[in-house]
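Notes follow once the structure below has been shown.
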Amino acid sequence: MGCRAVDCRGPLTATATATGAAGAGTETCDVAIIGAGVEGLAAAWALARRQAGRIVVLERGTVGSGFTAKSSGILRCHYGVRSLAAMAWKSLEVLENAGTVLDADIGHRRAGYLVGVGPDNVAPLAANVAMQQTLGIDAGLIGATEVAAMLPAAHLDDFAAFAYEPHGGFADGYQTAAAFAGAARRLGVTIRQGAPVVALDPVPPGVQVTLTNGERLQAGTVVVAAGPWTGPLVAPLGIDLPLRTQREQLMVVAPGVDLPAPPVLSDLVSLQYVRLWQAGTDGRGTRLLVGNSDHHAPEWSDPDHYSDAPEDEPLVAAVGKFGHRFPSLADAGLESSYAGCYDVTPDYNPVIGPAPVAGVVLCTGFSGHGFKISPAVGELVADLVVKGASGDPDVPETDFRLERFAAGQPLVSPHPYAGAGEMR
């Protein structure tokens, strides 16, 4: 899909219409979004709903082809950072009702979300749930007897407390990206696939975007939502973005029996998470997706050259943790394993806000949280582009500013979990 003159001309803002500095014939748009993952597309949809002018999304591959497609897709509001909890709760309304709101099936399933902690984390759990309840989140503490009924195959003796969200669950990352793309296109957004960006240049009154084929696009504002590729793209502008790529390996486990549909489990004792991957309804039996929540020793990787193949050491550790939590599943077997990457900041929370270069907005560093908060991320980006500030008092834009790192003010929970602080 090309961004030809007929696509990008029209009633543009003042910043996008002054193209003299960019050169005659350069195409113009009000907003260019780099990256067609779930966050970039949610931002495109939100901006289009605000009638923010001509919007073009530039994607190096295809819609959702980055790490969005490898997301575990878990939906939860259990955060210790208030603004993130608020974003997850507001996003849930969109994702639960995607069939109506986005006119698409995103594979959503309301399974419930359960988090279990050991003795050291009982007080933080209670404090975080109390904070979540002040936002209207449907969450509460529950007892081991209720948990045993939900997870009859689980060993629970080393847990000291549990919290539960009945609205928790999961959806499919790729389907969600495609749903946002379809909704955005219906509102006039142009999405260009196979359009890698190689350079950004301040060309007043906006930013000039250069593609690998030499084509240039002049935008009033550029939103960089390119995941782990954001850092190299903005570095030539003098933007110091503390972003690294962390590889994580996941397992698909055949439990050996058809289990009753389990809630999503966040196990903050063994530091793993488990969700239903496939229900036992098609002759193949139940499958579970098992991921790692232990970030003490991250595996830093190159997002373009990381191994998708299973590696023995993390696989053995993951199998051991799963066996500890579900000892009664004696016939469980590893069906497959794959890897994906997170774009990680030092505090494991995103950067969403203006860069120290006029006309550039950063939307990156989601550290594994991006899928579940994506609709609210889109709203915040739209607020920043259109109004220059968040319109939601529960989601102050200052929480996500880039400058917090240089200022020594990381975005962290006031009640972190010992041993699992990245849970946030």
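How things are named: the first chain in the structure tokens is A, the next is B, and so on; residues count from 1 in each chain; ligands count from 1 in the order shown.
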
Neighbours of range 148-153 of chain A within 7 Å (only C-alpha atoms; same-chain residues fewer than 4 positions away dropped), as a PDB file with N, CA and C atoms, in the first residue's frame?
```
ATOM      1  N   ALA A 144      -6.775 -20.032  49.849  1.00  0.00           N
ATOM      2  CA  ALA A 144      -6.209 -21.211  49.206  1.00  0.00           C
ATOM      3  C   ALA A 144      -7.277 -22.221  48.803  1.00  0.00           C
ATOM      4  N   PRO A 262      -8.055 -23.455  33.220  1.00  0.00           N
ATOM      5  CA  PRO A 262      -7.434 -22.796  34.367  1.00  0.00           C
ATOM      6  C   PRO A 262      -7.439 -21.277  34.198  1.00  0.00           C
ATOM      7  N   PHE A 326       3.219 -28.274  39.546  1.00  0.00           N
ATOM      8  CA  PHE A 326       2.166 -29.213  39.139  1.00  0.00           C
ATOM      9  C   PHE A 326       2.678 -30.656  39.245  1.00  0.00           C
ATOM     10  N   SER A 328       1.359 -33.322  40.277  1.00  0.00           N
ATOM     11  CA  SER A 328       0.398 -34.387  39.956  1.00  0.00           C
ATOM     12  C   SER A 328       0.309 -34.666  38.459  1.00  0.00           C
ATOM     13  N   LEU A 329       0.888 -33.796  37.638  1.00  0.00           N
ATOM     14  CA  LEU A 329       0.842 -34.004  36.189  1.00  0.00           C
ATOM     15  C   LEU A 329       2.045 -34.845  35.774  1.00  0.00           C
TER      16      LEU A 329
END
```

I need the residues of range 59-274 of chain A that end up classed as alpha helix (DSSP H) by DSSP on the backbone, written out as an MDAnalysis selection string. chainID A and resid 82:96 98:101 122:134 144:150 173:186 230:234

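The coordinates place CA of Glu39 in chain A at 19.2 Å from CA of Asp347 in chain A.
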
Kindly assemble as a tab-separated table a list of the range 236-286 of chain A residues that lie within 10 Å of range 52-72 of chain A, each paired with its nearest atom pair and their distance in Å to one decimal, using only C-alpha atoms, sorted first by chain and then by ascending residue number.
```
residue	atom	partner	partner_atom	distance
A:Leu250	CA	A:Ser72	CA	8.9
A:Tyr273	CA	A:Ser72	CA	9.8
A:Val274	CA	A:Ser72	CA	9.7
A:Arg275	CA	A:Ser72	CA	8.6
A:Trp277	CA	A:Ser72	CA	9.3
```

What's the separation between CA of Val316 in chain A and CA of Ala420 in chain A, in Å to one decimal place?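 Interatomic distance, CA of Val316 in chain A to CA of Ala420 in chain A: 20.4 Å.
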
Using only C-alpha atoms, I'd like a table of the residues in range 297-407 of chain A that come within 12 Å of range 106-126 of chain A; for each, show the closest atom pair and its distance in Å rounded to one decimal, ordered by chain and ascending number, as JSON lines.
```
{"residue": "A:Arg325", "atom": "CA", "partner": "A:Gly116", "partner_atom": "CA", "distance": 11.4}
{"residue": "A:Phe371", "atom": "CA", "partner": "A:Ile106", "partner_atom": "CA", "distance": 11.9}
{"residue": "A:Lys372", "atom": "CA", "partner": "A:His108", "partner_atom": "CA", "distance": 11.6}
```

Based on DSSP run over this structure's backbone, return all residues of range 4-158 of chain A in strand (DSSP E or B), as a list in words. Glu27, Thr28, Cys29, Asp30, Val31, Ala32, Ile33, Ile34, Ile55, Val56, Val57, Leu58, Ile74, Leu75, Arg109, Arg110, Tyr113, Leu114, Val115, Gly116, Val117, Gly140, Leu141 and Ile142 of chain A

Write to file, as an mmCIF file, in the first residue's frame, the residues of the selection just made, with C-alpha atoms.
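Written output follows (selection.cif):
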```
data_model
loop_
_atom_site.group_PDB
_atom_site.id
_atom_site.type_symbol
_atom_site.label_atom_id
_atom_site.label_comp_id
_atom_site.auth_asym_id
_atom_site.auth_seq_id
_atom_site.Cartn_x
_atom_site.Cartn_y
_atom_site.Cartn_z
ATOM 1 C CA GLU A 27 4.989 13.796 0.466
ATOM 2 C CA THR A 28 3.468 15.249 3.618
ATOM 3 C CA CYS A 29 1.464 13.852 6.492
ATOM 4 C CA ASP A 30 0.398 15.161 9.866
ATOM 5 C CA VAL A 31 1.609 12.117 11.798
ATOM 6 C CA ALA A 32 3.965 9.336 10.754
ATOM 7 C CA ILE A 33 4.085 6.313 13.042
ATOM 8 C CA ILE A 34 7.088 4.014 12.747
ATOM 9 C CA ILE A 55 -1.752 9.508 9.450
ATOM 10 C CA VAL A 56 0.731 7.087 7.889
ATOM 11 C CA VAL A 57 2.101 3.976 9.592
ATOM 12 C CA LEU A 58 5.460 2.742 8.283
ATOM 13 C CA ILE A 74 -1.940 -12.111 28.965
ATOM 14 C CA LEU A 75 -4.494 -9.590 30.217
ATOM 15 C CA ARG A 109 -10.845 -15.394 26.515
ATOM 16 C CA ARG A 110 -11.856 -14.302 29.996
ATOM 17 C CA TYR A 113 -6.057 -13.975 36.515
ATOM 18 C CA LEU A 114 -4.507 -15.363 39.684
ATOM 19 C CA VAL A 115 -1.302 -14.199 41.358
ATOM 20 C CA GLY A 116 0.272 -16.124 44.210
ATOM 21 C CA VAL A 117 3.053 -14.914 46.509
ATOM 22 C CA GLY A 140 -9.441 -8.962 45.527
ATOM 23 C CA LEU A 141 -7.629 -11.321 47.850
ATOM 24 C CA ILE A 142 -8.849 -14.926 47.930
#
```
